[in-house]
Every structure is written in structure tokens, then in C-alpha cells.
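Novice: Take a look at the following structure, please.
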Amino acid sequence: MTSTISAERLARVFVEVADTLVDEFDLIEFLQLLATRTADLLDASPVGLLLADQRGRLEFMAASDENVKLLELFQVQNQEGPCLEAFRTGAAVVNADLAEAGGRWPRFAPRAVEAGFRSVHAFPLRLRAERIGAMNVFSANVGGRLADTDVQIVQALADVASIGLLQERAITRGELLTEQLQGALNSRVIIEQAKGSLAQARGISVDEAFILIRSHARRHNLRLGDLAQTIIGDPASVSDLSAQ
């Protein structure tokens, strides 16, 4: 199988990822960018991201859509699934047929099939022996296989993100990575609350609510966690939320 990813699209994504790794960058926005751009590269294959907390336990951080978020949370709650396996072993899980993975992941595989997925891939976020998380790629197609070249590309993207997180924040700026990740996990909880609150208030889906929050944060140069806190505490102050 040959790659379906054009060199031009790939170059744009790597440049965008590199551009996001700047001083005062928003970690959650960066991870969301990584999830959505990886999904775009793979023709809208849903993508989810988990990062390890201070205890080395994976926690949900970002997803390209709400359906995948629920599956990622299921993995975390049950401590079973492709992301957990890729994180523990440091090796990618590639072209796993979910219909035949009941012995491998007895709880996760049936749940993923029920959610409409037929195959899955997982890539560790790593720098040499250090692993900080994992990224899942799902496919609704039976036999939704990744070409060997595409596997290398997605792993390279995960590696670049890992290097950026470790080098830019933990080394260059002298901050402890575990503290940074824990802070992001705390912000993620607030963001989930804000998404639910906004979705209920406006009668829209949670995915649509997140698009509004993210767009507003970008336009006004706000951190997602700070904006989410404002939405929960004083929703009237951000009544101008829109996707424009």
C-alpha cells in the first residue's frame, strides 16, 4: 500500500505544529490541533489523545470528535485498549481489526464496534525511552488499514509533538513536565464543564459548543482553560460567542 497523504498537506501540518510550540503556548489547544490535523491527514479518521498524569496514569486530553472522546474515557476507566497498550509497550498498534480483538481487549473492542468503528491504530507519544501518552486513530471501514508509509508519518508526527512538549516546556523553560500536564488535566475538566453548560444553554451539540469556545479563544488570544472558567463563572460576559 502506498501513502494517501500528499507531501504538501504533510508539510503544512508539520509547520503548523512547529509554529504552535512557542512561548506561552496553550497545551490543550496544541493537543487539539494535533488531534484534528492528524484526522485531516487521514481523511477524517477520528483521533483521540491521552497523556500521562503525575502517577503515570493515562488521562483523556483531546479528540477530533465527541464520539471518540467517550471511547477514550472508556479506555481510561477500564485500563484497557490500544492507547494503553501503545503507552505501556512504547510500540505502535497498527491495523487492529476490532471485530477480532475481543481476546486482546475484551471490554474495549465490543464497545468500539458498538460505536461504529471497525479498525484502530495507536501511536505512543515518546522520546527514546520516555513515554508521555498515546494517540488513537479509528476507522469506520472494515479493513481500514494504514499503509506502512502512513504509519511512519503518523508516528513521526506523534514523535515531533512529544519532542516539542518535552524540550520546549520541560527543558528549555525549566518547568517540570508532570506539573504542566497536571495543570492541563485540571483545565480539561473545566473545559468539559463549559462545553456541557454552553451546549445545554444554546441547545447545540457538545462538539458545536467546543467549536464556539475554541474559535472565541483564538480570536481573543485567550487560553481555553481561562475562557472555560469564565463561561462557567460569568456566562453573560461572553455572550458574543460565535464560530466566526
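Letters A, B, ... mark the chains of the C-alpha cells in the order given; residue numbers begin at 1 per chain; ligand numbers begin at 1, in order shown.
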Mind the document's chain letters and residue numbers, and return as a ChimeraX atom specification the residues of segment 12-197 of chain A that DSSP labels strand (DSSP E or B).
Specialist: /A:47-52,58-63,93-97,119-127,130-139
Novice: Please list as a PyMOL selection string every residue within 9 Å of segment 8-13 of chain A, counting only C-alpha atoms and excluding residues in the same chain fewer than 6 positions away.
Specialist: chain A and resi 34+37-38+41+153+157
Novice: The selected residues should be written to file as a compact mmCIF listing (two decimals), in the first residue's frame (atoms: N, CA and C atoms).
Specialist:
# COMPACT_ATOMS: atom_id res chain seq x y z
N LEU A 34 -3.20 18.88 17.24
CA LEU A 34 -2.58 17.64 16.83
C LEU A 34 -3.63 16.59 16.46
N ARG A 37 -5.59 17.83 13.14
CA ARG A 37 -4.76 17.80 11.93
C ARG A 37 -4.39 16.37 11.53
N THR A 38 -4.18 15.51 12.51
CA THR A 38 -3.92 14.11 12.18
C THR A 38 -5.16 13.49 11.54
N LEU A 41 -5.33 14.68 7.97
CA LEU A 41 -4.36 14.00 7.11
C LEU A 41 -4.86 12.63 6.67
N ILE A 153 4.49 8.14 9.01
CA ILE A 153 4.18 9.57 9.06
C ILE A 153 3.47 9.94 10.35
N LEU A 157 4.77 12.31 13.42
CA LEU A 157 4.02 13.47 13.92
C LEU A 157 3.88 13.37 15.44
Novice: Could you tell me how far atom CA of Asn221 of chain A sits from atom CA of Gly133 of chain A, in Å to one decimal place?
Specialist: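 Computing it gives 27.0 Å between the two atoms.
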Novice: Any idea what's packed within 12 Å of segment 101-105 of chain A, counting only C-alpha atoms, ignoring anything in its chain fewer than 2 positions away? Could you give it as an MDAnalysis selection string?
Specialist: chainID A and resid 74:75 78:85 93 95:99 107:113 118:120
Novice: Which residues come within 6 Å of segment 57-67 of chain A, counting only C-alpha atoms, excluding same-chain residues fewer than 4 positions away, as a list in words?
Specialist: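 Contacts, in chain order: Gln32, Ala35, Thr36, Pro46, Val47, Gly48, Leu49, Leu50, Leu51, Ala52 and Asp53 of chain A.
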Novice: Could you tell me how far atom CA of His220 of chain A sits from atom CA of Gln193 of chain A, in Å to one decimal place?
Specialist: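 Between these atoms lies a distance of 20.6 Å.
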